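Written out below as structure tokens is the structure these notes cover.
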Amino acid sequence: MSQYEAYYPLWEKLNIDAAKLEGALGAAQKRHADLFLTQADRPKAMGYFDDLWGNLQTGRIAELDKLKSEGKPLVGTFCIFVPEESVTAAGGACYGLCSGSPASIPEAEKELPRNICPLIKSAHGFKLLRVCGYTQSSDFIYGETTCEAKKKTWEILAKHHPVHVMHIPQKKDEKSMRLWREEVEEFQEHIEEVVGRKLSFEEHKKGVEIINAKRKALRRLDALRGMHGDIMPISGLDSLLVMQLSFIDEPVRFTEALNTLCDELEERINAQKSVFEKGTTRLMILGTPFAAPNWKLHKIVESSGGAIVNEESCIGHRYFKDDVNLEGVTTNEELTARMMERYKNIDCACFTPNEARIEKIVKMHKERQTDGVIYYTLSFCHTYNVESHLVAEAMKKEGIPFLAIESDYSPEDAGQIKTRVEAFIESIRLKRGA
Ligand code: BJ8
């Protein structure tokens, strides 16, 4: 008897290809076990996140199904510009869709060109193969116009699933912000259509408070993992898993579990307990998002003498660095304006110009006392790839060691990346005289 048999009726209801999903889950669980469970001296509180990974397409999908049966909205997204606060306000779930696996890419390439970003192809393949419970559960997918690959893929994806598209401007002037605000209001209307009524100010405020609390807990993890010198109480790989799951889990429960983990990390710091040896090279990763199960770079770096102390990425610091300021807010209109203030500070490379990002990277490097940065670009992501030139110039000026890596989801370049990462770490050590 299959361990997933209890979920067959749910998968069938969601039009999931159960045989294919079951095969994929076996591989995903094995990879998680090989990479994560073999790490020495992990925090005990990581158990919650390991279990969550194990329940990703089962228990968590059953929770979403329950929400749906109560008339709550379920919204799948690919970008942190989509206001999850509004979905939370409606009692629904807003989550990142499956998009980090190479296994679904060949299927996607039947409809999409080969030379576009793997994140988009992976997500599209998940839909074609019907093996992502999140995609299948969604009332609609909310896409955005942040890059060429995304905005054209939505037209094709819409043939397979309901899709709305949010127009994200590429500048942050007054005119663009007015358009953006209209797009956010339209998003809120779509949510209200699902619940069949207007959401009150109190509901909206509650939604923002829940997501603010989640971001605060993620900032706490960020500070604990990388701002205590040689004492690094958790690996970058484990931290990445937590951040990836922050886009999937029920936010109140997730925040509680993360704060429990942070309490344990604080105890470890007090006891001077680190999972890395003294003098390990401290690195920050900059660039495009790491959708689960894209763990390749973290694994390579942390098995090559480096420790990753932060990700300047949307699955990382860019997501949790700012809260929505609720001080003195009394109406839904004011609340939306405050949300816009926060969204405006997201320094995605889709904006031009985007100087604030470079200033922020230098500041982050100083705060975390990193030994160098790795600029990570998913293959064919033109905005982040082009912007890497400006970031490299700024790092050179500041004397910060810099390595640029462009990669997709396949394991084929792992050996080559490892060689480059090892050489980078060695050059940093030589410079330090270590
Ligand atoms: S706010 S980084 S989540 S757009 S899909 S742009 S990697 S070519 S994901 Fe993003 Fe929102 Fe910006 Fe963040 Fe490049 Fe690929 Fe496009 Fe991508």
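In the structure tokens, the first chain shown is A, the next is B, and so on; residue numbers restart at 1 for each chain, and ligands run from 1 in the order shown.
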- How would you write, as a PyMOL selection string, the set of residues no farther than 7 Å from ligand 1 when counting only C-alpha atoms and all ligand atoms? chain A and resi 78-81+117-120+146-150+288-289+313-314+346+348-350+378+380-384
Residues from last step as file, N, CA and C atoms, as a short mmCIF file (atom, residue, chain, number, x, y, z; two decimals), in the first residue's frame:
```cif
data_model
loop_
_atom_site.label_atom_id
_atom_site.label_comp_id
_atom_site.auth_asym_id
_atom_site.auth_seq_id
_atom_site.Cartn_x
_atom_site.Cartn_y
_atom_site.Cartn_z
N PHE A 78 4.13 34.15 -8.27
CA PHE A 78 5.55 33.96 -8.59
C PHE A 78 6.38 35.15 -8.19
N CYS A 79 5.81 36.06 -7.43
CA CYS A 79 6.55 37.30 -7.20
C CYS A 79 6.11 37.94 -5.90
N ILE A 80 7.06 38.58 -5.22
CA ILE A 80 6.74 39.20 -3.93
C ILE A 80 6.02 40.53 -4.09
N PHE A 81 5.76 40.94 -5.33
CA PHE A 81 4.94 42.15 -5.52
C PHE A 81 3.45 41.87 -5.36
N CYS A 117 14.23 31.68 -18.75
CA CYS A 117 14.57 31.38 -17.36
C CYS A 117 13.99 30.03 -16.88
N PRO A 118 14.79 29.23 -16.18
CA PRO A 118 14.31 27.92 -15.72
C PRO A 118 13.15 28.00 -14.73
N LEU A 119 13.07 29.11 -14.00
CA LEU A 119 11.99 29.24 -13.02
C LEU A 119 10.63 29.21 -13.72
N ILE A 120 10.55 29.95 -14.80
CA ILE A 120 9.29 30.02 -15.55
C ILE A 120 8.98 28.67 -16.20
N THR A 146 6.96 41.55 -14.63
CA THR A 146 8.30 41.97 -14.21
C THR A 146 9.38 41.62 -15.23
N CYS A 147 9.17 40.62 -16.05
CA CYS A 147 10.18 40.30 -17.06
C CYS A 147 9.50 39.74 -18.31
N GLU A 148 10.25 39.73 -19.39
CA GLU A 148 9.68 39.30 -20.69
C GLU A 148 9.17 37.87 -20.62
N ALA A 149 10.00 36.99 -20.03
CA ALA A 149 9.63 35.58 -20.01
C ALA A 149 8.32 35.36 -19.27
N LYS A 150 8.18 36.05 -18.14
CA LYS A 150 6.95 35.88 -17.37
C LYS A 150 5.75 36.40 -18.14
N THR A 288 18.93 36.44 -8.13
CA THR A 288 17.60 35.90 -8.43
C THR A 288 17.15 34.89 -7.35
N PRO A 289 15.84 34.64 -7.29
CA PRO A 289 15.31 33.79 -6.22
C PRO A 289 15.70 32.31 -6.34
N SER A 313 17.95 38.42 -1.97
CA SER A 313 17.15 37.73 -2.97
C SER A 313 15.69 37.82 -2.55
N CYS A 314 14.78 37.46 -3.45
CA CYS A 314 13.36 37.54 -3.07
C CYS A 314 12.94 36.35 -2.20
N ILE A 346 10.89 47.62 -2.70
CA ILE A 346 11.44 46.35 -3.20
C ILE A 346 12.34 46.67 -4.39
N CYS A 348 13.85 45.23 -6.95
CA CYS A 348 14.02 44.21 -8.00
C CYS A 348 14.72 44.85 -9.20
N ALA A 349 15.53 44.04 -9.89
CA ALA A 349 16.26 44.56 -11.05
C ALA A 349 15.32 44.90 -12.21
N CYS A 350 14.03 44.61 -12.08
CA CYS A 350 13.10 45.00 -13.15
C CYS A 350 12.93 46.52 -13.20
N LEU A 378 19.88 33.32 -12.47
CA LEU A 378 19.30 32.19 -13.20
C LEU A 378 19.54 32.44 -14.69
N PHE A 380 19.42 33.20 -18.41
CA PHE A 380 18.50 33.98 -19.25
C PHE A 380 17.68 35.02 -18.48
N CYS A 381 18.06 35.31 -17.23
CA CYS A 381 17.40 36.41 -16.54
C CYS A 381 18.18 37.68 -16.88
N HIS A 382 17.68 38.41 -17.87
CA HIS A 382 18.47 39.52 -18.40
C HIS A 382 18.61 40.68 -17.41
N THR A 383 17.53 40.99 -16.69
CA THR A 383 17.61 42.17 -15.81
C THR A 383 18.68 41.98 -14.73
N TYR A 384 18.66 40.84 -14.07
CA TYR A 384 19.65 40.61 -13.01
C TYR A 384 21.05 40.42 -13.60
#
```
- Task: Using DSSP on the backbone, list every residue of segment 4-88 of chain A that comes out as helix (DSSP H, G or I), and give them as a PyMOL selection string.
- Result: chain A and resi 5-13+18-37+46-54+59-69+84-88
Write a file of the selected residues as a PDB file, in the first residue's frame, keeping C-alpha atoms.
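The new file result_35.pdb reads:
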```
ATOM      1  CA  GLU A   5      -3.046   6.403  -0.679  1.00  0.00           C
ATOM      2  CA  ALA A   6      -5.083   8.482   1.773  1.00  0.00           C
ATOM      3  CA  TYR A   7      -4.519  11.508  -0.483  1.00  0.00           C
ATOM      4  CA  TYR A   8      -5.556   9.879  -3.762  1.00  0.00           C
ATOM      5  CA  PRO A   9      -9.173  11.153  -3.559  1.00  0.00           C
ATOM      6  CA  LEU A  10      -7.948  14.713  -2.928  1.00  0.00           C
ATOM      7  CA  TRP A  11      -5.414  14.520  -5.748  1.00  0.00           C
ATOM      8  CA  GLU A  12      -8.079  13.147  -8.048  1.00  0.00           C
ATOM      9  CA  LYS A  13     -10.420  15.982  -7.125  1.00  0.00           C
ATOM     10  CA  ALA A  18      -1.174  10.875  -8.908  1.00  0.00           C
ATOM     11  CA  ALA A  19       1.288   8.385 -10.412  1.00  0.00           C
ATOM     12  CA  LYS A  20       3.616  11.135 -11.620  1.00  0.00           C
ATOM     13  CA  LEU A  21       3.334  13.115  -8.391  1.00  0.00           C
ATOM     14  CA  GLU A  22       4.087  10.072  -6.310  1.00  0.00           C
ATOM     15  CA  GLY A  23       7.257   9.414  -8.320  1.00  0.00           C
ATOM     16  CA  ALA A  24       8.325  13.046  -7.991  1.00  0.00           C
ATOM     17  CA  LEU A  25       7.690  13.049  -4.239  1.00  0.00           C
ATOM     18  CA  GLY A  26       9.897  10.002  -3.740  1.00  0.00           C
ATOM     19  CA  ALA A  27      12.790  11.799  -5.457  1.00  0.00           C
ATOM     20  CA  ALA A  28      12.139  15.067  -3.601  1.00  0.00           C
ATOM     21  CA  GLN A  29      12.074  13.387  -0.187  1.00  0.00           C
ATOM     22  CA  LYS A  30      15.277  11.485  -0.912  1.00  0.00           C
ATOM     23  CA  ARG A  31      17.066  14.654  -2.015  1.00  0.00           C
ATOM     24  CA  HIS A  32      15.898  16.469   1.116  1.00  0.00           C
ATOM     25  CA  ALA A  33      17.109  13.598   3.290  1.00  0.00           C
ATOM     26  CA  ASP A  34      20.496  13.453   1.512  1.00  0.00           C
ATOM     27  CA  LEU A  35      21.147  17.185   1.692  1.00  0.00           C
ATOM     28  CA  PHE A  36      19.535  18.284   4.933  1.00  0.00           C
ATOM     29  CA  LEU A  37      19.319  15.357   7.304  1.00  0.00           C
ATOM     30  CA  MET A  46      14.294  22.308  12.192  1.00  0.00           C
ATOM     31  CA  GLY A  47      12.122  19.225  12.699  1.00  0.00           C
ATOM     32  CA  TYR A  48       9.001  21.335  12.078  1.00  0.00           C
ATOM     33  CA  PHE A  49      10.328  22.490   8.703  1.00  0.00           C
ATOM     34  CA  ASP A  50      11.478  18.991   7.702  1.00  0.00           C
ATOM     35  CA  ASP A  51       7.982  17.689   8.455  1.00  0.00           C
ATOM     36  CA  LEU A  52       6.450  20.526   6.488  1.00  0.00           C
ATOM     37  CA  TRP A  53       8.634  19.620   3.523  1.00  0.00           C
ATOM     38  CA  GLY A  54       7.370  16.039   3.869  1.00  0.00           C
ATOM     39  CA  GLY A  59      -1.190  17.623   4.510  1.00  0.00           C
ATOM     40  CA  ARG A  60      -0.732  21.229   3.395  1.00  0.00           C
ATOM     41  CA  ILE A  61      -2.825  20.646   0.262  1.00  0.00           C
ATOM     42  CA  ALA A  62      -5.571  19.140   2.440  1.00  0.00           C
ATOM     43  CA  GLU A  63      -5.501  22.355   4.514  1.00  0.00           C
ATOM     44  CA  LEU A  64      -5.902  24.424   1.365  1.00  0.00           C
ATOM     45  CA  ASP A  65      -8.802  22.227   0.307  1.00  0.00           C
ATOM     46  CA  LYS A  66     -10.524  22.919   3.612  1.00  0.00           C
ATOM     47  CA  LEU A  67     -10.083  26.671   3.111  1.00  0.00           C
ATOM     48  CA  LYS A  68     -11.566  26.362  -0.350  1.00  0.00           C
ATOM     49  CA  SER A  69     -14.585  24.496   0.984  1.00  0.00           C
ATOM     50  CA  GLU A  84      -0.299  38.393   0.156  1.00  0.00           C
ATOM     51  CA  GLU A  85      -1.618  40.649   2.952  1.00  0.00           C
ATOM     52  CA  SER A  86      -4.929  41.034   1.104  1.00  0.00           C
ATOM     53  CA  VAL A  87      -5.397  37.273   0.693  1.00  0.00           C
ATOM     54  CA  THR A  88      -4.538  36.715   4.351  1.00  0.00           C
TER      55      THR A  88
END
```
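Restricting the calculation to only C-alpha atoms, the smallest distance between Asp263 of chain A and any of A:Pro43, A:Trp154, A:Leu286, A:Glu311 is found for A:Pro43.
Residues of segment 222-312 of chain A assigned to strand (DSSP E) by DSSP on this structure's backbone: Thr281, Arg282, Leu283, Met284, Ile285, Leu286, Gly287, Gly306, Ala307, Ile308, Val309, Asn310, Glu311 and Glu312 of chain A.
Interatomic distance, atom CA of Phe320 of chain A to atom CA of Arg215 of chain A: 4.7 Å.
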